[in-house]
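Data block for entry04.txt (compact mmCIF, C-alpha atoms and all ligand atoms):
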# COMPACT_ATOMS: atom_id res chain seq x y z
CA MET A 1312 132.18 121.10 71.09
CA ASN A 1313 129.74 119.78 68.56
CA CYS A 1314 126.50 121.24 69.93
CA ILE A 1315 123.66 122.01 67.53
CA PHE A 1316 122.08 124.63 69.80
CA CYS A 1317 125.44 126.45 70.26
CA LYS A 1318 125.63 126.58 66.46
CA ILE A 1319 122.06 127.91 66.23
CA ALA A 1320 122.78 130.58 68.88
CA LYS A 1321 125.89 131.65 66.92
CA LYS A 1322 123.88 131.56 63.66
CA GLU A 1323 126.33 129.05 62.21
CA ILE A 1324 123.31 127.00 61.25
CA PRO A 1325 119.96 128.58 60.35
CA SER A 1326 116.88 128.68 62.51
CA GLU A 1327 113.65 130.64 62.58
CA LYS A 1328 114.53 133.23 65.19
CA ILE A 1329 111.78 134.57 67.40
CA TYR A 1330 113.84 136.76 69.72
CA GLU A 1331 117.33 137.29 71.07
CA ASN A 1332 119.20 139.42 73.57
CA ASP A 1333 122.82 139.29 74.68
CA LYS A 1334 122.32 136.11 76.73
CA VAL A 1335 119.25 134.31 75.40
CA PHE A 1336 118.10 133.04 71.98
CA CYS A 1337 114.58 131.88 70.98
CA PHE A 1338 113.74 129.96 67.82
CA LEU A 1339 111.10 127.67 66.40
CA ASP A 1340 111.39 123.94 67.08
CA ILE A 1341 112.16 122.05 63.87
CA ASN A 1342 109.62 119.37 64.80
CA PRO A 1343 106.77 121.33 66.42
CA VAL A 1344 104.27 119.75 68.78
CA SER A 1345 101.91 122.65 68.05
CA LYS A 1346 101.89 125.78 65.90
CA GLY A 1347 104.51 128.20 67.23
CA HIS A 1348 106.42 125.64 69.36
CA THR A 1349 109.43 127.67 70.47
CA LEU A 1350 112.70 126.81 72.22
CA VAL A 1351 114.42 129.21 74.58
CA ILE A 1352 118.15 128.66 75.13
CA SER A 1353 121.02 130.44 76.81
CA LYS A 1354 123.67 131.55 74.32
CA LYS A 1355 126.33 129.99 76.55
CA HIS A 1356 126.46 126.24 76.66
CA TYR A 1357 125.03 124.64 79.78
CA GLU A 1358 123.92 121.07 79.61
CA ASN A 1359 120.90 121.12 81.89
CA ILE A 1360 119.20 122.51 85.02
CA PHE A 1361 122.00 121.02 87.13
CA ASP A 1362 124.76 123.16 85.65
CA ILE A 1363 123.12 126.40 84.47
CA PRO A 1364 123.99 129.15 86.99
CA GLU A 1365 121.02 130.62 88.84
CA ASN A 1366 121.54 134.15 87.48
CA GLU A 1367 121.53 132.82 83.88
CA LEU A 1368 118.42 130.78 84.61
CA LYS A 1369 116.67 133.87 85.95
CA GLU A 1370 117.48 135.78 82.76
CA LEU A 1371 116.25 132.89 80.67
CA ILE A 1372 112.97 132.44 82.57
CA SER A 1373 112.15 136.12 82.26
CA VAL A 1374 112.51 135.75 78.49
CA VAL A 1375 110.28 132.65 78.67
CA LYS A 1376 107.60 134.76 80.34
CA LYS A 1377 107.92 137.63 77.90
CA ILE A 1378 107.88 135.40 74.80
CA SER A 1379 105.04 133.24 76.15
CA LYS A 1380 102.87 136.31 76.54
CA LYS A 1381 103.86 137.75 73.16
CA ARG A 1382 103.41 134.50 71.25
CA LYS A 1383 100.07 133.68 72.91
CA LYS A 1384 98.76 136.98 71.60
CA GLU A 1385 100.37 136.77 68.14
CA LEU A 1386 99.28 133.19 67.52
CA ASN A 1387 95.90 133.63 69.12
CA ALA A 1388 96.66 130.64 71.33
CA ASP A 1389 94.40 129.72 74.22
CA GLY A 1390 97.20 128.70 76.59
CA ILE A 1391 100.85 127.69 76.88
CA ASN A 1392 102.64 124.63 78.22
CA LEU A 1393 106.25 124.94 79.33
CA PHE A 1394 108.45 121.87 79.18
CA ASN A 1395 112.05 121.11 80.05
CA ALA A 1396 113.97 117.82 80.12
CA ASN A 1397 117.19 117.21 82.06
CA GLY A 1398 119.21 114.09 81.41
CA LYS A 1399 118.88 111.18 79.03
CA ILE A 1400 116.48 109.26 81.26
CA ALA A 1401 114.24 112.36 81.35
CA GLU A 1402 114.28 112.24 77.52
CA GLN A 1403 116.51 115.27 76.96
CA SER A 1404 117.62 114.79 73.36
CA VAL A 1405 119.78 117.92 72.91
CA SER A 1406 122.34 118.42 75.68
CA HIS A 1407 122.10 122.21 75.77
CA PHE A 1408 119.67 123.59 78.36
CA HIS A 1409 116.39 124.64 76.77
CA ILE A 1410 112.80 125.37 77.72
CA HIS A 1411 110.00 124.51 75.33
CA ILE A 1412 107.16 127.00 74.93
CA ILE A 1413 104.25 125.01 73.54
CA PRO A 1414 101.24 127.10 72.53
CA ARG A 1415 97.93 125.36 73.11
CA TYR A 1416 94.76 125.71 71.10
CA LYS A 1417 91.21 124.55 71.72
CA ASN A 1418 90.80 121.03 70.33
CA ASP A 1419 94.52 120.68 69.49
CA GLY A 1420 94.37 117.01 70.45
CA ILE A 1421 97.39 117.23 72.78
CA ASN A 1422 96.84 115.39 76.06
CA ILE A 1423 99.42 116.42 78.65
CA SER A 1424 97.41 115.12 81.60
CA LYS A 1425 97.70 111.59 80.16
CA MET A 1426 101.43 111.85 80.87
CA PHE A 1427 100.77 112.33 84.58
CA LYS A 1428 98.33 109.46 84.94
CA GLN A 1429 99.70 106.37 86.65
CA LYS A 1430 100.08 103.29 84.53
P1 LIG B 1 114.42 117.78 74.03
O1 LIG B 1 113.94 116.44 73.56
O2 LIG B 1 115.91 117.78 74.28
O3 LIG B 1 113.64 118.32 75.20
O4 LIG B 1 114.12 118.79 72.86
C1 LIG B 1 114.95 119.03 71.78
C2 LIG B 1 114.12 119.72 70.74
O5 LIG B 1 115.00 120.30 69.80
C3 LIG B 1 113.19 118.79 69.96
O6 LIG B 1 111.84 119.22 70.12
C4 LIG B 1 113.67 118.91 68.52
O7 LIG B 1 112.62 118.92 67.58
C5 LIG B 1 114.44 120.22 68.52
N1 LIG B 1 115.55 120.25 67.59
C6 LIG B 1 116.53 119.32 67.44
N2 LIG B 1 117.41 119.70 66.49
C7 LIG B 1 116.98 120.90 66.03
C8 LIG B 1 117.49 121.80 65.03
O8 LIG B 1 118.50 121.56 64.37
N3 LIG B 1 116.78 122.94 64.83
C9 LIG B 1 115.66 123.25 65.53
N4 LIG B 1 115.04 124.38 65.25
N5 LIG B 1 115.16 122.43 66.49
C10 LIG B 1 115.81 121.27 66.73
ZN ZN B 2 125.53 124.06 73.32

Now that the file is in, can you turn its structure into structure tokens?
Ligand code: 5GP
Ligand code: ZN
Amino acid sequence: MNCIFCKIAKKEIPSEKIYENDKVFCFLDINPVSKGHTLVISKKHYENIFDIPENELKELISVVKKISKKRKKELNADGINLFNANGKIAEQSVSHFHIHIIPRYKNDGINISKMFKQK
């Protein structure tokens, strides 16, 4: 399978690693929305929320919590947004399940609430 995130998890291609354990790998997004934008992936390949087993998802989300807390402190961020896309129509661009940790800073100019406003 030609999956970029599988290759990153196996260190076949380089990434800026933030954390790893036996099941989960965290690394910096190559095209960050904000300083410290991090991706959390399972080391095993699952395409999206529909096929990741619940036990693996639980392991992954506990890493999301731990890294969110750690990175907020390290980066002196004021908050965190979590984001996850499932399926092409939902704008998932890499077909390997991942959760974005997006640190937020005062006056960072990001406007998430705009996304939820009706057209
Ligand atoms: P998605 O659009 O699927 O929710 O997010 C995929 C994310 O993966 C994007 O934010 C993109 O910048 C990031 N990304 C894509 N390819 C690479 C890569 O080779 N290395 C790293 N570090 N991030 C990548
Ligand atoms: Zn993969």

| note | Restricting to only C-alpha atoms and all ligand atoms, whichever of A:Tyr1330, A:Phe1336, A:Phe1316, A:Tyr1416 is closest to ligand ZN 2 (chain B) is A:Phe1316

| message | Here is a test: counting only C-alpha atoms, which residue of A:Ile1352, A:Ile1391, A:Ile1378, A:Ala1401 is nearest to A:Lys1318? | response |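 Closest to A:Lys1318 of all the choices is A:Ile1352.
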
| Taking into account only C-alpha atoms, which residue in the set A:Ser1345, A:Asn1395, A:Lys1322, A:Ser1373 is nearest to A:Lys1417? |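 Once distances to A:Lys1417 are computed over only C-alpha atoms, the minimum belongs to A:Ser1345.
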
| Counting only C-alpha atoms and all ligand atoms, which protein, DNA or RNA residues come within 10 Å of ligand ZN 2 (chain B), given as a PyMOL selection string? | chain A and resi 1312-1321+1352-1358+1405-1409

| message | For ligand LIG 1 (chain B), return the neighbouring residues as a list of chain:residue names (distance at most 6 Å; only C-alpha atoms and all ligand atoms). | response | A:Ser1326, A:Leu1339, A:Asp1340, A:Ile1341, A:Asn1342, A:Asn1395, A:Ala1396, A:Glu1402, A:Gln1403, A:Ser1404, A:Val1405

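Atom CA of A:Phe1338 sits 5.5 Å away from atom CA of A:Leu1350.
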
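Here atom CA of A:Pro1364 and atom CA of A:Val1335 stand 13.5 Å from one another.
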
| remark: Restricting to all atoms listed in the file, whichever of A:Leu1393, A:Ile1412, A:Val1344, A:Ile1360 is closest to A:Ile1329 is A:Ile1412

| query | What is the atom CA of A:Gly1398 to atom CA of A:Ile1363 distance in Å? | reply | 13.3 Å

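With all atoms listed in the file as the basis for measurement, A:His1411 is the residue among A:Lys1399, A:Lys1425, A:Lys1346, A:His1411 that approaches A:Lys1376 most closely.
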